[in-house]
file structure.tsv (TSV, N, CA and C atoms)
chain	number	residue	atom	x	y	z
J	1	MET	N	4.51	7.55	5.94
J	1	MET	CA	5.13	6.33	6.37
J	1	MET	C	6.56	6.63	6.74
J	2	GLY	N	7.19	5.74	7.39
J	2	GLY	CA	8.55	5.91	7.84
J	2	GLY	C	8.63	5.56	9.31
J	3	GLU	N	9.79	5.71	9.83
J	3	GLU	CA	10.01	5.42	11.24
J	3	GLU	C	9.86	6.71	12.04
J	4	PRO	N	9.45	6.62	13.31
J	4	PRO	CA	9.26	7.83	14.12
J	4	PRO	C	10.50	8.72	14.14
J	5	TRP	N	11.68	8.14	14.16
J	5	TRP	CA	12.90	8.94	14.22
J	5	TRP	C	13.20	9.66	12.91
J	6	ASP	N	12.47	9.32	11.84
J	6	ASP	CA	12.67	9.95	10.54
J	6	ASP	C	11.66	11.06	10.25
J	7	GLU	N	10.83	11.43	11.22
J	7	GLU	CA	9.73	12.35	10.94
J	7	GLU	C	10.18	13.71	10.41
J	8	ASN	N	11.39	14.12	10.69
J	8	ASN	CA	11.89	15.41	10.19
J	8	ASN	C	12.79	15.25	8.97
J	9	ASN	N	12.83	14.05	8.40
J	9	ASN	CA	13.66	13.78	7.23
J	9	ASN	C	12.73	13.54	6.04
J	10	PRO	N	12.53	14.55	5.18
J	10	PRO	CA	11.59	14.41	4.07
J	10	PRO	C	11.91	13.26	3.13
J	11	ALA	N	13.18	12.89	3.01
J	11	ALA	CA	13.56	11.79	2.12
J	11	ALA	C	13.15	10.43	2.68
J	12	ALA	N	12.84	10.37	3.97
J	12	ALA	CA	12.53	9.10	4.61
J	12	ALA	C	11.06	8.97	4.97
J	13	THR	N	10.25	9.95	4.61
J	13	THR	CA	8.83	9.90	4.96
J	13	THR	C	7.98	10.03	3.72
J	14	SER	N	6.75	9.56	3.82
J	14	SER	CA	5.79	9.67	2.72
J	14	SER	C	4.39	9.65	3.31
J	15	GLN	N	3.41	9.80	2.46
J	15	GLN	CA	2.02	9.84	2.92
J	15	GLN	C	1.19	8.85	2.12
J	16	VAL	N	0.34	8.11	2.83
J	16	VAL	CA	-0.57	7.17	2.20
J	16	VAL	C	-1.99	7.63	2.49
J	17	THR	N	-2.81	7.71	1.44
J	17	THR	CA	-4.21	8.09	1.58
J	17	THR	C	-5.07	6.96	1.06
J	18	PHE	N	-6.06	6.57	1.84
J	18	PHE	CA	-7.02	5.54	1.44
J	18	PHE	C	-8.37	6.21	1.23
J	19	GLU	N	-8.97	5.99	0.08
J	19	GLU	CA	-10.31	6.51	-0.20
J	19	GLU	C	-11.22	5.32	-0.48
J	20	ILE	N	-12.31	5.24	0.26
J	20	ILE	CA	-13.28	4.16	0.07
J	20	ILE	C	-14.56	4.78	-0.45
J	21	GLN	N	-14.97	4.33	-1.63
J	21	GLN	CA	-16.14	4.90	-2.30
J	21	GLN	C	-17.19	3.80	-2.51
J	22	PRO	N	-18.41	3.98	-1.99
J	22	PRO	CA	-19.46	2.98	-2.20
J	22	PRO	C	-19.85	2.90	-3.68
J	23	LEU	N	-20.04	1.69	-4.15
J	23	LEU	CA	-20.52	1.43	-5.51
J	23	LEU	C	-21.60	0.35	-5.43
J	24	GLY	N	-22.79	0.76	-5.04
J	24	GLY	CA	-23.86	-0.22	-4.86
J	24	GLY	C	-23.50	-1.17	-3.74
J	25	PRO	N	-23.54	-2.49	-3.99
J	25	PRO	CA	-23.20	-3.46	-2.93
J	25	PRO	C	-21.68	-3.60	-2.76
J	26	ASP	N	-20.92	-2.96	-3.61
J	26	ASP	CA	-19.46	-3.06	-3.58
J	26	ASP	C	-18.84	-1.73	-3.14
J	27	VAL	N	-17.55	-1.73	-3.00
J	27	VAL	CA	-16.82	-0.50	-2.72
J	27	VAL	C	-15.58	-0.43	-3.62
J	28	LYS	N	-15.14	0.78	-3.86
J	28	LYS	CA	-13.91	1.01	-4.61
J	28	LYS	C	-12.88	1.57	-3.63
J	29	LEU	N	-11.73	0.92	-3.57
J	29	LEU	CA	-10.64	1.38	-2.71
J	29	LEU	C	-9.57	2.01	-3.59
J	30	THR	N	-9.24	3.26	-3.30
J	30	THR	CA	-8.15	3.93	-4.00
J	30	THR	C	-7.05	4.22	-2.99
J	31	VAL	N	-5.85	3.75	-3.29
J	31	VAL	CA	-4.69	3.98	-2.44
J	31	VAL	C	-3.75	4.92	-3.18
J	32	THR	N	-3.43	6.03	-2.55
J	32	THR	CA	-2.50	7.00	-3.12
J	32	THR	C	-1.32	7.12	-2.18
J	33	HIS	N	-0.14	6.84	-2.70
J	33	HIS	CA	1.09	6.94	-1.90
J	33	HIS	C	1.90	8.07	-2.50
J	34	SER	N	2.09	9.13	-1.74
J	34	SER	CA	2.74	10.33	-2.26
J	34	SER	C	3.94	10.73	-1.41
J	35	ASP	N	4.60	11.77	-1.86
J	35	ASP	CA	5.77	12.33	-1.18
J	35	ASP	C	6.92	11.34	-1.12
J	36	LEU	N	7.08	10.57	-2.20
J	36	LEU	CA	8.19	9.62	-2.29
J	36	LEU	C	9.35	10.26	-3.04
J	37	GLU	N	10.54	9.99	-2.59
J	37	GLU	CA	11.72	10.50	-3.28
J	37	GLU	C	11.91	9.71	-4.58
J	38	ALA	N	11.86	10.40	-5.70
J	38	ALA	CA	11.97	9.75	-7.01
J	38	ALA	C	13.26	8.96	-7.13
J	39	GLY	N	13.12	7.71	-7.58
J	39	GLY	CA	14.28	6.86	-7.81
J	39	GLY	C	14.87	6.23	-6.57
J	40	SER	N	14.25	6.46	-5.41
J	40	SER	CA	14.79	5.92	-4.16
J	40	SER	C	14.43	4.45	-4.00
J	41	LYS	N	15.16	3.77	-3.13
J	41	LYS	CA	14.88	2.35	-2.84
J	41	LYS	C	13.48	2.20	-2.26
J	42	ILE	N	13.08	3.13	-1.38
J	42	ILE	CA	11.75	3.02	-0.78
J	42	ILE	C	10.67	3.15	-1.85
J	43	GLN	N	10.87	4.01	-2.85
J	43	GLN	CA	9.89	4.13	-3.92
J	43	GLN	C	9.77	2.81	-4.68
J	44	THR	N	10.90	2.19	-4.99
J	44	THR	CA	10.89	0.90	-5.68
J	44	THR	C	10.20	-0.16	-4.83
J	45	ASP	N	10.53	-0.21	-3.54
J	45	ASP	CA	9.91	-1.19	-2.65
J	45	ASP	C	8.41	-0.99	-2.58
J	46	ILE	N	7.98	0.26	-2.52
J	46	ILE	CA	6.55	0.56	-2.42
J	46	ILE	C	5.83	0.20	-3.72
J	47	ILE	N	6.43	0.54	-4.85
J	47	ILE	CA	5.82	0.20	-6.14
J	47	ILE	C	5.64	-1.31	-6.27
J	48	ASN	N	6.59	-2.07	-5.75
J	48	ASN	CA	6.50	-3.53	-5.81
J	48	ASN	C	5.64	-4.11	-4.69
J	49	GLY	N	5.49	-3.38	-3.60
J	49	GLY	CA	4.78	-3.92	-2.44
J	49	GLY	C	3.28	-3.76	-2.45
J	50	TRP	N	2.78	-2.59	-2.88
J	50	TRP	CA	1.34	-2.34	-2.83
J	50	TRP	C	0.53	-3.36	-3.63
J	51	PRO	N	0.93	-3.76	-4.83
J	51	PRO	CA	0.14	-4.76	-5.54
J	51	PRO	C	-0.05	-6.06	-4.76
J	52	ALA	N	0.99	-6.51	-4.07
J	52	ALA	CA	0.88	-7.73	-3.28
J	52	ALA	C	-0.05	-7.53	-2.08
J	53	VAL	N	0.08	-6.39	-1.41
J	53	VAL	CA	-0.76	-6.10	-0.25
J	53	VAL	C	-2.23	-6.02	-0.66
J	54	LEU	N	-2.51	-5.30	-1.74
J	54	LEU	CA	-3.90	-5.13	-2.16
J	54	LEU	C	-4.49	-6.41	-2.74
J	55	SER	N	-3.69	-7.19	-3.42
J	55	SER	CA	-4.16	-8.48	-3.93
J	55	SER	C	-4.51	-9.41	-2.77
J	56	ASN	N	-3.67	-9.41	-1.76
J	56	ASN	CA	-3.92	-10.23	-0.58
J	56	ASN	C	-5.18	-9.77	0.15
J	57	LEU	N	-5.37	-8.46	0.27
J	57	LEU	CA	-6.57	-7.92	0.90
J	57	LEU	C	-7.81	-8.33	0.13
J	58	LYS	N	-7.78	-8.21	-1.19
J	58	LYS	CA	-8.92	-8.59	-2.03
J	58	LYS	C	-9.26	-10.07	-1.84
J	59	THR	N	-8.25	-10.91	-1.86
J	59	THR	CA	-8.48	-12.35	-1.68
J	59	THR	C	-9.05	-12.64	-0.30
J	60	LEU	N	-8.52	-12.00	0.72
J	60	LEU	CA	-9.03	-12.18	2.08
J	60	LEU	C	-10.49	-11.77	2.18
J	61	LEU	N	-10.85	-10.63	1.61
J	61	LEU	CA	-12.23	-10.15	1.68
J	61	LEU	C	-13.19	-11.05	0.89
J	62	GLU	N	-12.73	-11.58	-0.22
J	62	GLU	CA	-13.59	-12.40	-1.07
J	62	GLU	C	-13.72	-13.84	-0.57
J	63	THR	N	-12.68	-14.37	0.06
J	63	THR	CA	-12.68	-15.79	0.43
J	63	THR	C	-12.60	-16.05	1.92
J	64	GLY	N	-12.19	-15.04	2.68
J	64	GLY	CA	-11.99	-15.23	4.11
J	64	GLY	C	-10.62	-15.81	4.44
J	65	THR	N	-9.80	-16.05	3.42
J	65	THR	CA	-8.48	-16.62	3.61
J	65	THR	C	-7.46	-15.80	2.81
J	66	PRO	N	-6.34	-15.44	3.42
J	66	PRO	CA	-5.34	-14.70	2.67
J	66	PRO	C	-4.64	-15.60	1.64
J	67	LEU	N	-3.92	-14.97	0.73
J	67	LEU	CA	-3.17	-15.72	-0.26
J	67	LEU	C	-2.14	-16.61	0.41
J	68	GLY	N	-1.90	-17.77	-0.18
J	68	GLY	CA	-0.87	-18.66	0.32
J	68	GLY	C	0.43	-18.41	-0.41
J	69	GLY	N	1.48	-19.00	0.07
J	69	GLY	CA	2.76	-18.90	-0.62
J	69	GLY	C	3.48	-17.61	-0.31
J	70	ASP	N	4.57	-17.41	-1.01
J	70	ASP	CA	5.43	-16.26	-0.76
J	70	ASP	C	5.11	-15.14	-1.76
J	71	ILE	N	4.08	-14.35	-1.47
J	71	ILE	CA	3.72	-13.26	-2.38
J	71	ILE	C	4.61	-12.05	-2.19
J	72	TRP	N	5.41	-12.06	-1.16
J	72	TRP	CA	6.22	-10.90	-0.84
J	72	TRP	C	7.55	-10.90	-1.56
J	73	GLY	N	7.81	-11.95	-2.38
J	73	GLY	CA	8.96	-12.03	-3.28
J	73	GLY	C	10.23	-11.70	-2.67

call {"tool": "encode", "arguments": {"input": "structure.tsv", "output": "structure tokens"}}
result
Amino acid sequence: MGEPWDENNPAATSQVTFEIQPLGPDVKLTVTHSDLEAGSKIQTDIINGWPAVLSNLKTLLETGTPLGGDIWG
């Protein structure tokens, strides 16, 4: 992740991996976000952001409607 102009700046880039594993009629989604600079603002933002994104995705898939309100805090 990061902006195109930051591609050569290791402190400004990271990697996200999505793994989808079938579990009968369901699936398990594993999100791994790596290569984050420890203690950085982006690490804090990501730690706080993924739960909201994944919760919204789960609600959308289960109900057909995304979460209402300001989940992005």

call {"tool": "closest_residue", "arguments": {"input": "structure.tsv", "among": "J:Leu67, J:Val16, J:Leu57, J:Ala52", "to": "His33 (chain J)", "atoms": "all atoms listed in the file"}}
result
J:Val16

call {"tool": "atom_distance", "arguments": {"input": "structure.tsv", "atom1": "atom C of Leu36 (chain J)", "atom2": "CA of Ala12 (chain J)"}}
result
8.4 Å

call {"tool": "closest_residue", "arguments": {"input": "structure.tsv", "among": "J:Asn56, J:Thr13, J:Gly49, J:Asn8", "to": "Ser34 (chain J)", "atoms": "only C-alpha atoms"}}
result
J:Thr13

call {"tool": "atom_distance", "arguments": {"input": "structure.tsv", "atom1": "CA of Pro51 (chain J)", "atom2": "CA of Gly24 (chain J)"}}
result
24.4 Å

call {"tool": "select_by_dssp", "arguments": {"input": "structure.tsv", "residues": "chain J", "states": "helix (DSSP H, G or I)", "output": "number ranges by chain"}}
result
J: 4-6, 10-12, 41-63

call {"tool": "atom_distance", "arguments": {"input": "structure.tsv", "atom1": "CA of Pro22 (chain J)", "atom2": "CA of Lys58 (chain J)"}}
result
15.7 Å

call {"tool": "select_by_dssp", "arguments": {"input": "structure.tsv", "residues": "chain J", "states": "strand (DSSP E)", "output": "count of residues only"}}
result
18

call {"tool": "closest_residue", "arguments": {"input": "structure.tsv", "among": "J:Thr17, J:Thr65, J:Gln43, J:Asn48", "to": "Val31 (chain J)", "atoms": "all atoms listed in the file"}}
result
J:Thr17
